[in-house]
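Asks: Contents of coords_37.cif (mmCIF, C-alpha atoms and all ligand atoms) are given next:
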```
data_coords
loop_
_atom_site.label_atom_id
_atom_site.label_comp_id
_atom_site.auth_asym_id
_atom_site.auth_seq_id
_atom_site.Cartn_x
_atom_site.Cartn_y
_atom_site.Cartn_z
CA MET A 1 17.35 4.97 27.00
CA GLN A 2 16.58 6.82 23.77
CA ILE A 3 13.25 6.66 21.93
CA GLU A 4 12.98 7.46 18.23
CA LYS A 5 9.81 9.03 16.84
CA VAL A 6 8.82 10.12 13.37
CA ILE A 7 6.79 13.25 13.95
CA LEU A 8 4.53 15.29 11.68
CA ALA A 9 6.78 18.30 10.98
CA LYS A 10 4.30 20.21 8.83
CA ARG A 11 1.01 19.54 7.08
CA PRO A 12 1.26 18.53 3.42
CA ILE A 13 -0.19 20.55 0.59
CA GLY A 14 -1.09 17.84 -1.92
CA GLU A 15 1.20 14.82 -1.95
CA PRO A 16 3.26 14.28 1.24
CA THR A 17 7.00 14.77 0.84
CA PHE A 18 9.98 14.06 3.11
CA ASP A 19 9.88 17.52 4.70
CA ASN A 20 6.45 16.73 6.19
CA PHE A 21 8.21 14.32 8.58
CA ASN A 22 11.06 14.49 11.03
CA LEU A 23 12.89 11.75 12.93
CA GLU A 24 13.42 12.91 16.52
CA ILE A 25 15.17 11.35 19.49
CA PHE A 26 13.86 11.64 23.04
CA ASN A 27 15.50 10.58 26.29
CA PHE A 28 13.52 8.33 28.56
CA SER A 29 14.43 7.21 32.07
CA GLU A 30 11.84 5.06 33.84
CA ILE A 31 8.20 3.92 33.72
CA LYS A 32 5.81 4.72 36.55
CA THR A 33 3.53 2.39 38.53
CA GLY A 34 0.79 1.00 36.27
CA GLU A 35 2.84 1.47 33.10
CA ILE A 36 4.60 -0.84 30.65
CA PHE A 37 7.50 -0.15 28.33
CA VAL A 38 7.17 -1.60 24.84
CA LYS A 39 9.80 -2.12 22.16
CA VAL A 40 8.05 -1.78 18.81
CA LYS A 41 8.74 -4.62 16.37
CA TRP A 42 6.33 -3.87 13.51
CA LEU A 43 4.60 -0.73 12.29
CA SER A 44 1.70 -0.95 9.85
CA LEU A 45 1.54 1.78 7.20
CA ASP A 46 -1.98 2.39 5.89
CA PRO A 47 -3.51 4.89 3.44
CA TYR A 48 -5.80 6.40 6.13
CA MET A 49 -2.73 8.05 7.69
CA ARG A 50 -2.74 10.57 4.83
CA GLY A 51 -6.04 11.93 6.22
CA ARG A 52 -4.56 12.27 9.72
CA MET A 53 -1.89 14.62 8.31
CA ASP A 54 -4.56 17.21 7.41
CA SER A 55 -6.19 19.47 9.97
CA ALA A 56 -9.65 18.86 8.46
CA LYS A 57 -12.27 17.19 10.65
CA SER A 58 -12.78 13.50 9.85
CA TYR A 59 -13.99 10.37 11.65
CA ALA A 60 -10.78 10.59 13.74
CA SER A 61 -8.74 13.50 15.08
CA PRO A 62 -5.77 14.76 13.08
CA VAL A 63 -2.18 14.24 14.23
CA GLU A 64 -0.93 17.53 15.70
CA ILE A 65 2.26 19.16 14.40
CA GLY A 66 5.19 17.85 16.46
CA GLU A 67 3.34 14.67 17.47
CA ALA A 68 4.38 11.17 16.40
CA MET A 69 2.50 9.96 13.32
CA GLU A 70 -0.35 7.63 14.19
CA GLY A 71 -0.08 3.91 13.45
CA GLU A 72 -0.92 0.43 14.67
CA CYS A 73 2.06 -1.60 15.89
CA ILE A 74 3.10 -4.91 17.35
CA GLY A 75 5.57 -4.62 20.18
CA GLU A 76 7.19 -6.67 22.92
CA ILE A 77 7.02 -5.66 26.56
CA ILE A 78 10.53 -5.07 27.87
CA ASP A 79 9.63 -3.56 31.26
CA THR A 80 6.47 -3.57 33.34
CA LYS A 81 5.04 -1.96 36.45
CA ASN A 82 1.53 -3.16 35.58
CA GLU A 83 0.49 -6.52 37.02
CA LYS A 84 -1.68 -7.33 33.97
CA PHE A 85 1.35 -7.49 31.68
CA GLU A 86 4.56 -9.52 31.74
CA VAL A 87 7.95 -8.91 30.17
CA GLY A 88 8.21 -10.79 26.87
CA GLU A 89 4.50 -10.60 26.00
CA LEU A 90 3.51 -9.30 22.56
CA VAL A 91 0.91 -6.55 22.32
CA ILE A 92 -0.91 -4.80 19.49
CA GLY A 93 -1.65 -1.14 19.94
CA LYS A 94 -1.70 2.26 18.34
CA PHE A 95 1.79 3.24 19.48
CA GLY A 96 2.49 5.29 16.36
CA TRP A 97 5.67 5.74 14.32
CA VAL A 98 7.97 5.13 17.29
CA SER A 99 10.75 2.77 18.33
CA HIS A 100 9.47 2.38 21.92
CA ALA A 101 6.34 3.35 23.77
CA VAL A 102 5.15 3.84 27.32
CA SER A 103 1.58 2.70 27.94
CA ASN A 104 -0.83 2.18 30.83
CA GLY A 105 -2.18 -0.82 28.92
CA TYR A 106 -5.45 0.82 27.91
CA GLY A 107 -6.59 -0.24 24.42
CA LEU A 108 -3.87 -2.85 24.02
CA ARG A 109 -4.52 -6.41 22.89
CA LYS A 110 -2.22 -9.27 23.81
CA LEU A 111 -1.02 -11.43 20.95
CA GLU A 112 -0.31 -15.12 21.47
CA ARG A 113 2.82 -16.49 19.81
CA THR A 114 1.64 -19.10 17.27
CA ASN A 115 2.91 -20.58 14.02
CA ILE A 116 1.33 -17.61 12.21
CA PRO A 117 3.85 -14.78 11.68
CA GLU A 118 2.98 -12.12 14.27
CA GLN A 119 2.88 -9.28 11.72
CA TYR A 120 -0.03 -10.96 9.89
CA PHE A 121 -2.18 -9.47 12.68
CA LEU A 122 -1.46 -6.03 11.20
CA GLY A 123 -2.40 -7.23 7.72
CA VAL A 124 -4.37 -10.18 6.45
CA LEU A 125 -5.56 -11.10 9.97
CA GLY A 126 -5.69 -7.51 11.19
CA MET A 127 -7.42 -4.28 10.27
CA PRO A 128 -7.00 -4.52 6.45
CA GLY A 129 -8.12 -8.17 6.36
CA HIS A 130 -11.13 -7.43 8.55
CA THR A 131 -11.95 -4.54 6.20
CA ALA A 132 -11.86 -6.83 3.16
CA TRP A 133 -14.07 -9.43 4.84
CA THR A 134 -16.53 -6.81 6.13
CA GLY A 135 -16.79 -4.95 2.83
CA LEU A 136 -17.48 -8.12 0.94
CA ASN A 137 -19.83 -9.90 3.34
CA LYS A 138 -21.52 -7.27 5.50
CA ILE A 139 -21.53 -4.20 3.28
CA ALA A 140 -21.81 -5.55 -0.29
CA ASN A 141 -23.57 -8.76 0.77
CA ALA A 142 -21.76 -10.59 -2.06
CA LYS A 143 -23.44 -13.67 -3.47
CA LYS A 144 -22.39 -16.61 -5.63
CA GLU A 145 -22.25 -15.96 -9.37
CA GLU A 146 -22.35 -12.18 -9.03
CA THR A 147 -19.76 -10.05 -10.82
CA LEU A 148 -17.46 -8.06 -8.57
CA VAL A 149 -14.83 -5.46 -9.46
CA ILE A 150 -12.10 -4.59 -6.94
CA SER A 151 -9.68 -1.68 -7.29
CA ALA A 152 -6.21 -1.69 -5.64
CA ALA A 153 -6.61 -5.43 -6.20
CA SER A 154 -3.07 -6.50 -5.30
CA GLY A 155 -3.04 -4.56 -2.01
CA ALA A 156 -3.73 -5.48 1.59
CA VAL A 157 -7.52 -5.08 1.39
CA GLY A 158 -8.16 -5.86 -2.28
CA SER A 159 -6.14 -9.07 -2.42
CA LEU A 160 -8.09 -10.69 0.42
CA ALA A 161 -11.49 -9.36 -0.70
CA GLY A 162 -10.95 -10.90 -4.15
CA GLN A 163 -9.74 -14.26 -2.88
CA LEU A 164 -12.67 -14.55 -0.46
CA ALA A 165 -15.03 -13.62 -3.28
CA LYS A 166 -13.58 -16.37 -5.50
CA LYS A 167 -14.13 -18.86 -2.67
CA LYS A 168 -17.79 -17.74 -2.56
CA GLY A 169 -18.17 -18.36 -6.31
CA LEU A 170 -18.20 -14.80 -7.65
CA LYS A 171 -16.67 -13.66 -10.90
CA VAL A 172 -13.93 -11.18 -9.93
CA LEU A 173 -12.22 -8.50 -11.99
CA GLY A 174 -9.29 -6.72 -10.37
CA ILE A 175 -7.79 -3.35 -11.20
CA ALA A 176 -4.15 -2.72 -10.36
CA GLY A 177 -1.32 -0.39 -11.32
CA SER A 178 1.20 -2.53 -13.23
CA ASP A 179 1.47 -5.62 -15.41
CA GLU A 180 3.42 -7.34 -12.64
CA LYS A 181 0.63 -6.66 -10.14
CA CYS A 182 -2.03 -7.79 -12.63
CA SER A 183 -0.18 -11.01 -13.31
CA TYR A 184 0.00 -11.68 -9.54
CA VAL A 185 -3.71 -10.90 -9.16
CA THR A 186 -4.78 -13.36 -11.87
CA ASN A 187 -2.10 -16.07 -11.74
CA GLU A 188 -1.50 -16.25 -8.00
CA LEU A 189 -4.59 -14.80 -6.32
CA GLY A 190 -6.95 -16.46 -8.81
CA PHE A 191 -9.03 -13.44 -9.92
CA ASP A 192 -10.66 -14.01 -13.32
CA ALA A 193 -8.96 -10.99 -14.90
CA CYS A 194 -7.13 -7.79 -14.02
CA ILE A 195 -6.83 -4.41 -15.76
CA ASN A 196 -3.70 -2.28 -15.48
CA HIS A 197 -5.16 1.20 -14.93
CA ASN A 198 -1.84 2.86 -15.74
CA LYS A 199 -2.02 1.62 -19.33
CA ILE A 200 -5.45 3.14 -20.02
CA LYS A 201 -5.55 6.19 -22.30
CA ASP A 202 -8.98 7.59 -21.53
CA ASN A 203 -12.30 7.01 -19.82
CA MET A 204 -13.94 5.42 -22.88
CA GLU A 205 -11.18 2.83 -23.22
CA PHE A 206 -11.42 2.05 -19.47
CA ARG A 207 -15.24 1.72 -19.63
CA ASN A 208 -15.08 -0.54 -22.68
CA LEU A 209 -12.38 -2.73 -21.20
CA ILE A 210 -14.42 -3.26 -18.04
CA LYS A 211 -17.43 -4.05 -20.23
CA SER A 212 -15.45 -6.61 -22.23
CA TYR A 213 -14.49 -8.44 -19.03
CA CYS A 214 -17.97 -8.03 -17.48
CA PRO A 215 -20.38 -8.47 -20.43
CA TYR A 216 -23.34 -8.91 -18.06
CA GLY A 217 -22.46 -5.79 -16.09
CA VAL A 218 -21.04 -5.23 -12.61
CA ASP A 219 -23.13 -6.24 -9.59
CA ILE A 220 -20.68 -5.07 -6.92
CA TYR A 221 -17.85 -2.56 -6.93
CA PHE A 222 -15.42 -2.75 -4.00
CA GLU A 223 -14.21 0.84 -4.10
CA ASN A 224 -10.68 1.52 -2.89
CA VAL A 225 -9.41 4.27 -5.16
CA ALA A 226 -12.15 6.51 -6.73
CA GLY A 227 -10.92 8.87 -9.50
CA LYS A 228 -10.80 7.61 -13.07
CA THR A 229 -11.50 4.01 -11.98
CA LEU A 230 -14.78 4.96 -10.33
CA GLU A 231 -15.82 6.96 -13.39
CA ALA A 232 -15.24 3.95 -15.63
CA ILE A 233 -17.11 1.57 -13.31
CA ILE A 234 -20.26 3.66 -12.78
CA PRO A 235 -21.64 3.23 -16.34
CA ASN A 236 -20.97 -0.53 -16.08
CA MET A 237 -22.96 -0.99 -12.87
CA ASN A 238 -26.07 -3.14 -13.15
CA ASP A 239 -29.45 -1.95 -11.92
CA PHE A 240 -29.68 -2.54 -8.15
CA GLY A 241 -25.87 -2.90 -8.01
CA ARG A 242 -23.97 -2.22 -4.79
CA ILE A 243 -20.88 -0.12 -4.19
CA ALA A 244 -18.94 -0.76 -0.97
CA VAL A 245 -17.06 2.51 -0.49
CA CYS A 246 -13.97 1.44 1.41
CA GLY A 247 -11.45 4.07 0.28
CA MET A 248 -10.63 6.70 -2.34
CA ILE A 249 -6.86 6.78 -2.28
CA SER A 250 -6.45 8.55 -5.65
CA TRP A 251 -8.13 11.62 -4.13
CA TYR A 252 -6.45 11.60 -0.68
CA SER A 253 -3.92 14.24 -1.67
CA GLY A 254 -6.40 16.27 -3.70
CA LYS A 255 -5.13 15.21 -7.14
CA GLY A 256 -7.80 14.95 -9.86
CA ILE A 257 -10.65 16.23 -7.69
CA ASN A 258 -11.36 19.26 -9.89
CA GLU A 259 -11.64 17.08 -13.01
CA ALA A 260 -13.89 14.51 -11.32
CA MET A 261 -17.28 13.46 -12.67
CA ALA A 262 -19.99 16.07 -12.06
CA LEU A 263 -22.11 15.34 -8.99
CA PRO A 264 -25.49 15.72 -10.80
CA LYS A 265 -24.45 13.08 -13.37
CA LEU A 266 -23.31 10.69 -10.66
CA TRP A 267 -26.42 11.31 -8.56
CA ARG A 268 -28.66 10.70 -11.55
CA THR A 269 -26.93 7.38 -12.32
CA ILE A 270 -27.36 6.26 -8.70
CA LEU A 271 -31.07 7.06 -8.97
CA VAL A 272 -31.71 5.62 -12.41
CA LYS A 273 -29.78 2.41 -11.71
CA ARG A 274 -31.15 2.23 -8.13
CA LEU A 275 -27.61 1.70 -6.82
CA LYS A 276 -26.89 1.05 -3.17
CA VAL A 277 -23.79 3.04 -2.22
CA ASN A 278 -22.56 2.19 1.26
CA GLY A 279 -19.52 3.80 2.86
CA PHE A 280 -18.03 1.99 5.83
CA ILE A 281 -15.27 2.51 8.38
CA ILE A 282 -13.90 -0.64 9.91
CA PHE A 283 -13.72 0.81 13.45
CA ASP A 284 -17.55 0.59 13.51
CA HIS A 285 -17.40 -3.19 13.05
CA LYS A 286 -15.26 -4.34 15.99
CA GLU A 287 -17.88 -6.87 17.06
CA THR A 288 -17.36 -8.98 13.93
CA TYR A 289 -13.57 -9.28 14.33
CA PRO A 290 -13.81 -12.67 16.13
CA GLN A 291 -16.07 -14.04 13.38
CA PHE A 292 -13.65 -12.81 10.72
CA ILE A 293 -10.68 -14.41 12.55
CA GLU A 294 -12.53 -17.69 12.93
CA GLU A 295 -13.34 -17.81 9.22
CA VAL A 296 -10.09 -16.60 7.71
CA THR A 297 -7.43 -18.09 10.05
CA PRO A 298 -7.93 -21.67 8.74
CA PHE A 299 -7.38 -20.42 5.17
CA ILE A 300 -4.10 -18.86 6.26
CA GLN A 301 -3.00 -21.95 8.18
CA LYS A 302 -3.78 -24.20 5.21
CA GLN A 303 -2.15 -21.70 2.82
CA GLN A 304 -5.41 -21.37 0.91
CA ILE A 305 -5.07 -17.60 0.91
CA ILE A 306 -2.05 -15.95 -0.69
CA TYR A 307 -0.68 -13.00 1.21
CA LYS A 308 2.15 -10.70 0.18
CA GLU A 309 4.03 -8.22 2.35
CA ASP A 310 6.20 -5.27 1.38
CA ILE A 311 8.56 -4.92 4.33
CA ARG A 312 10.83 -1.90 4.78
CA ILE A 313 13.55 -2.03 7.42
CA GLY A 314 14.01 0.65 10.10
CA LEU A 315 11.80 3.42 11.47
CA SER A 316 13.76 6.06 9.57
CA ASN A 317 12.43 4.50 6.34
CA ALA A 318 8.77 4.94 7.37
CA PRO A 319 8.31 8.28 5.51
CA SER A 320 9.65 6.92 2.19
CA ALA A 321 7.62 3.74 2.60
CA PHE A 322 4.47 5.78 3.25
CA ILE A 323 5.10 8.02 0.22
CA ASP A 324 5.59 4.85 -1.86
CA LEU A 325 2.29 3.42 -0.55
CA LEU A 326 0.37 6.51 -1.62
CA ASN A 327 1.92 6.28 -5.09
CA GLY A 328 1.36 2.59 -5.77
CA ARG A 329 5.03 1.70 -5.24
CA ASN A 330 4.15 -0.94 -2.65
CA PHE A 331 3.54 -4.51 -3.70
CA GLY A 332 1.57 -6.11 -0.89
CA LYS A 333 0.82 -5.02 2.66
CA MET A 334 3.18 -2.19 3.60
CA LEU A 335 4.99 -2.80 6.89
CA VAL A 336 8.02 -1.34 8.62
CA LYS A 337 10.19 -3.68 10.64
CA VAL A 338 11.12 -1.30 13.42
CA GLY A 339 13.09 -3.58 15.72
CA ASP A 340 13.84 -7.25 16.34
N1 LIG B 1 -12.97 1.97 5.19
C1 LIG B 1 -12.06 1.45 5.98
O1 LIG B 1 -12.28 1.25 7.17
C2 LIG B 1 -10.71 1.12 5.41
C3 LIG B 1 -9.81 0.30 6.11
C4 LIG B 1 -8.59 -0.05 5.48
C5 LIG B 1 -8.29 0.46 4.24
N2 LIG B 1 -9.19 1.28 3.61
C6 LIG B 1 -8.92 1.81 2.27
O2 LIG B 1 -8.75 0.71 1.40
C7 LIG B 1 -7.92 1.11 0.32
C8 LIG B 1 -6.81 0.09 0.14
O3 LIG B 1 -6.00 0.10 1.31
P1 LIG B 1 -4.80 -0.93 1.48
O4 LIG B 1 -4.32 -0.82 2.86
O5 LIG B 1 -5.23 -2.25 0.96
O6 LIG B 1 -3.69 -0.32 0.52
P2 LIG B 1 -2.91 -1.05 -0.65
O7 LIG B 1 -3.89 -1.46 -1.68
O8 LIG B 1 -2.04 -2.10 -0.05
O9 LIG B 1 -1.99 0.11 -1.20
C9 LIG B 1 -2.55 1.24 -1.78
C10 LIG B 1 -2.71 1.01 -3.28
O10 LIG B 1 -3.59 1.98 -3.81
C11 LIG B 1 -3.35 2.11 -5.20
N3 LIG B 1 -3.30 3.51 -5.60
C12 LIG B 1 -2.55 4.49 -5.08
N4 LIG B 1 -2.76 5.64 -5.76
C13 LIG B 1 -3.66 5.36 -6.72
C14 LIG B 1 -4.28 6.12 -7.74
N5 LIG B 1 -4.02 7.42 -7.89
N6 LIG B 1 -5.16 5.50 -8.55
C15 LIG B 1 -5.43 4.20 -8.42
N7 LIG B 1 -4.87 3.42 -7.45
C16 LIG B 1 -4.00 4.00 -6.63
C17 LIG B 1 -1.98 1.48 -5.47
O11 LIG B 1 -2.20 0.25 -6.13
P3 LIG B 1 -1.99 0.11 -7.73
O12 LIG B 1 -0.53 0.19 -7.96
O13 LIG B 1 -2.58 -1.20 -8.00
O14 LIG B 1 -2.73 1.26 -8.36
C18 LIG B 1 -1.44 1.23 -4.08
O15 LIG B 1 -0.58 0.13 -4.06
C19 LIG B 1 -7.44 2.52 0.64
O16 LIG B 1 -8.25 3.46 -0.03
C20 LIG B 1 -7.67 2.62 2.13
O17 LIG B 1 -7.83 3.95 2.56
C21 LIG B 1 -10.37 1.62 4.17
#
```
For this file, produce the structure as structure tokens.
Ligand SMILES: NC(=O)c1ccc[n+]([C@@H]2O[C@H](COP(=O)([O-])OP(=O)(O)OC[C@H]3O[C@@H](n4cnc5c(N)ncnc54)[C@H](OP(=O)(O)O)[C@@H]3O)[C@@H](O)[C@H]2O)c1
Replies:
Amino acid sequence: MQIEKVILAKRPIGEPTFDNFNLEIFNFSEIKTGEIFVKVKWLSLDPYMRGRMDSAKSYASPVEIGEAMEGECIGEIIDTKNEKFEVGELVIGKFGWVSHAVSNGYGLRKLERTNIPEQYFLGVLGMPGHTAWTGLNKIANAKKEETLVISAASGAVGSLAGQLAKKKGLKVLGIAGSDEKCSYVTNELGFDACINHNKIKDNMEFRNLIKSYCPYGVDIYFENVAGKTLEAIIPNMNDFGRIAVCGMISWYSGKGINEAMALPKLWRTILVKRLKVNGFIIFDHKETYPQFIEEVTPFIQKQQIIYKEDIRIGLSNAPSAFIDLLNGRNFGKMLVKVGD
């Protein structure tokens, strides 16, 4: 049996490129007592993986050179020497960018087969969905009639956060990277408006556009991108506004950091406007996953939440898919269909 792995070949300087990755093939003979053998069906690609490619200390350890890239997957058990698992069962686990994995079962979650597509548990009913729900309800404490702005609005996190906010009665402005994405965000997801950030000339135009859509100011900013979007939002924040800092994808590869808003100016605005700025990492909120599932699953079953996936076929396409994700060339939750 051969196992394919996409390994981290070298650390990126700036934007990741193809030579940061390598597809390698390993021979594998047999599992040992207590182990299971999993054929990976789906791999989730998520922006946080960019951080794992750097050696810098973060809330999680970096991927080492020569190791398979990290990633959450859904797989099917095809061999078992562990009495807790049966052949044919589906499991979710951090197997990484691999075609098959050997596991002792630790940290795995079994997934029932239902009428919900299994890969939704890597997206709208998985980590990104839970992030959207947590950011909106637990971090920003969003309330009816407030004005909310969400960046990366058409993506895995933003699209659910905005739809849940509309259901709660908020006014929601999205920010996305193309006219096609903006049209999806307003016409299909039901946001009140959406700004295409790639059409904006300068900060003043961006600020004024946000102001025109939010004449009474912004109560909550669901921050996914940072950079020029953040700089345009800050002056529009209302006194006592809240910023749920979920991500800052525009800075992940270092681009634009040197031109960013000066810290003293930002700090002063936070003070003067009495803003509440709250970063959060979803791994700290595992205890609310059942509550999130209970609330959001009925919306999915009744098709009251729209969910889009961007599916790339084959493990060898994971690097290009990931590079696309970091550059806004995904439209919906980025997934790789690794095997059937
Ligand atoms: N805190 C947590 O625990 C947690 C958990 C999950 C995700 N996150 C964060 O949430 C954010 C969204 O993640 P996701 O999985 O939902 O990804 P996503 O929105 O499905 O995809 C990423 C999107 O980011 C936007 N983007 C990329 N480069 C950009 C740039 N330079 N300026 C502005 N926008 C840019 C692109 O959208 P446009 O084409 O619309 O610009 C791209 O499609 C990320 O920052 C991620 O790291 C945080």
Asks: Give me, as a PDB file with C-alpha atoms, in the frame of the given file, the set of residues whose atoms come within 6 Å of any atom of ligand LIG 1 (chain B), counting only C-alpha atoms and all ligand atoms.
Replies:
```pdb
ATOM      1  CA  ASP A  46      -1.980   2.390   5.890  1.00  0.00           C
ATOM      2  CA  PRO A  47      -3.510   4.890   3.440  1.00  0.00           C
ATOM      3  CA  TYR A  48      -5.800   6.400   6.130  1.00  0.00           C
ATOM      4  CA  PRO A 128      -7.000  -4.520   6.450  1.00  0.00           C
ATOM      5  CA  THR A 131     -11.950  -4.540   6.200  1.00  0.00           C
ATOM      6  CA  ALA A 152      -6.210  -1.690  -5.640  1.00  0.00           C
ATOM      7  CA  SER A 154      -3.070  -6.500  -5.300  1.00  0.00           C
ATOM      8  CA  GLY A 155      -3.040  -4.560  -2.010  1.00  0.00           C
ATOM      9  CA  ALA A 156      -3.730  -5.480   1.590  1.00  0.00           C
ATOM     10  CA  VAL A 157      -7.520  -5.080   1.390  1.00  0.00           C
ATOM     11  CA  GLY A 158      -8.160  -5.860  -2.280  1.00  0.00           C
ATOM     12  CA  ALA A 176      -4.150  -2.720 -10.360  1.00  0.00           C
ATOM     13  CA  GLY A 177      -1.320  -0.390 -11.320  1.00  0.00           C
ATOM     14  CA  ASN A 224     -10.680   1.520  -2.890  1.00  0.00           C
ATOM     15  CA  VAL A 225      -9.410   4.270  -5.160  1.00  0.00           C
ATOM     16  CA  CYS A 246     -13.970   1.440   1.410  1.00  0.00           C
ATOM     17  CA  GLY A 247     -11.450   4.070   0.280  1.00  0.00           C
ATOM     18  CA  MET A 248     -10.630   6.700  -2.340  1.00  0.00           C
ATOM     19  CA  ILE A 249      -6.860   6.780  -2.280  1.00  0.00           C
ATOM     20  CA  SER A 250      -6.450   8.550  -5.650  1.00  0.00           C
ATOM     21  CA  PHE A 280     -18.030   1.990   5.830  1.00  0.00           C
ATOM     22  CA  ILE A 281     -15.270   2.510   8.380  1.00  0.00           C
ATOM     23  CA  ILE A 282     -13.900  -0.640   9.910  1.00  0.00           C
ATOM     24  CA  LEU A 325       2.290   3.420  -0.550  1.00  0.00           C
ATOM     25  CA  LEU A 326       0.370   6.510  -1.620  1.00  0.00           C
ATOM     26  CA  ASN A 327       1.920   6.280  -5.090  1.00  0.00           C
ATOM     27  CA  GLY A 328       1.360   2.590  -5.770  1.00  0.00           C
ATOM     28  CA  ARG A 329       5.030   1.700  -5.240  1.00  0.00           C
ATOM     29  CA  ASN A 330       4.150  -0.940  -2.650  1.00  0.00           C
ATOM     30  CA  GLY A 332       1.570  -6.110  -0.890  1.00  0.00           C
ATOM     31  CA  LYS A 333       0.820  -5.020   2.660  1.00  0.00           C
TER      32      LYS A 333
END
```
Asks: Quick one: residues within 9 Å of A:Glu72, only C-alpha atoms, excluding same-chain residues fewer than 4 positions away - as a PyMOL selection string?
Replies: chain A and resi 42-45+92-97+122
Asks: Which one of A:Leu23, A:Ile150, A:Leu263, A:Cys194 sits closest to A:Ala165 if you count only C-alpha atoms?
Replies: A:Ile150
Asks: So how far away is atom CA of A:Lys81 from atom CA of A:Thr33, in Å?
Replies: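 Computed distance, atom CA of A:Thr33 to atom CA of A:Lys81, equals 5.1 Å.
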Asks: From the list A:Ser178, A:Asn137, A:Asn258, A:Asn198, which residue is nearest A:Gln291 when using only C-alpha atoms?
Replies: A:Asn137
Asks: Restricting the calculation to all atoms listed in the file: of A:Lys39, A:His197, A:Arg52, A:His100, which residue gets closest to A:Arg11?
Replies: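 Selected residue with least distance to A:Arg11: A:Arg52.
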Asks: In terms of the shortest atom-to-atom distance over all atoms listed in the file, which of A:Ala56, A:Ile243, A:Cys182, A:Ala226 is closest to A:Lys255?
Replies: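 When distances to A:Lys255 are compared using all atoms listed in the file, the smallest one comes from A:Ala226.
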Asks: Give me, as a list in words, all polymer residues having an atom no more than 12 Å from A:Gln119, counting all atoms listed in the file and skipping those fewer than 6 positions away in the same chain.
Replies: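 Residues near the query, excluding close chain neighbours: Val40, Lys41, Trp42, Leu43, Ser44, Glu72, Cys73, Ile74, Gly75, Leu90, Val91, Ile92, Leu111, Glu112, Arg113, Leu125, Gly126, Met127, Tyr307, Lys308, Glu309, Asp310, Ile311, Lys333, Met334, Leu335, Val336, Lys337 and Val338 of chain A.
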Asks: Which one is closest to A:Trp251: A:Gly129, A:Gly135, A:Pro62, A:Gly14? Count all atoms listed in the file.
Replies: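 Smallest separation from A:Trp251 among the options: A:Gly14.
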Asks: By how many Å are atom CA of A:Val149 and atom CA of A:Ile175 apart?
Replies: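 Distance reported for this atom pair: 7.6 Å.
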Asks: Between A:Glu295, A:Val272, A:Ala132, A:Asp324, single out the one closest to A:Val245, counting only C-alpha atoms.
Replies: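 Smallest separation from A:Val245 among the options: A:Ala132.
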Asks: Would you work out the distance separating atom CA of A:Ile13 from atom CA of A:Met261, expressed in Å to one decimal?
Replies: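 So the two atoms, atom CA of A:Ile13 and atom CA of A:Met261, lie 22.8 Å apart.
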Asks: With only C-alpha atoms as the counted atoms, please give the residues lying no more than 7 Å from A:Ile139, apart from itself and same-chain residues fewer than 3 positions off, as a ChimeraX atom specification.
Replies: /A:134-136,244,278
Asks: Give as a ChimeraX atom specification each residue that has an atom at most 7 Å from (-4.6, -8.6, -5.6) in the file, counting only C-alpha atoms.
Replies: /A:153-155,158-159,162,174,184-185,189
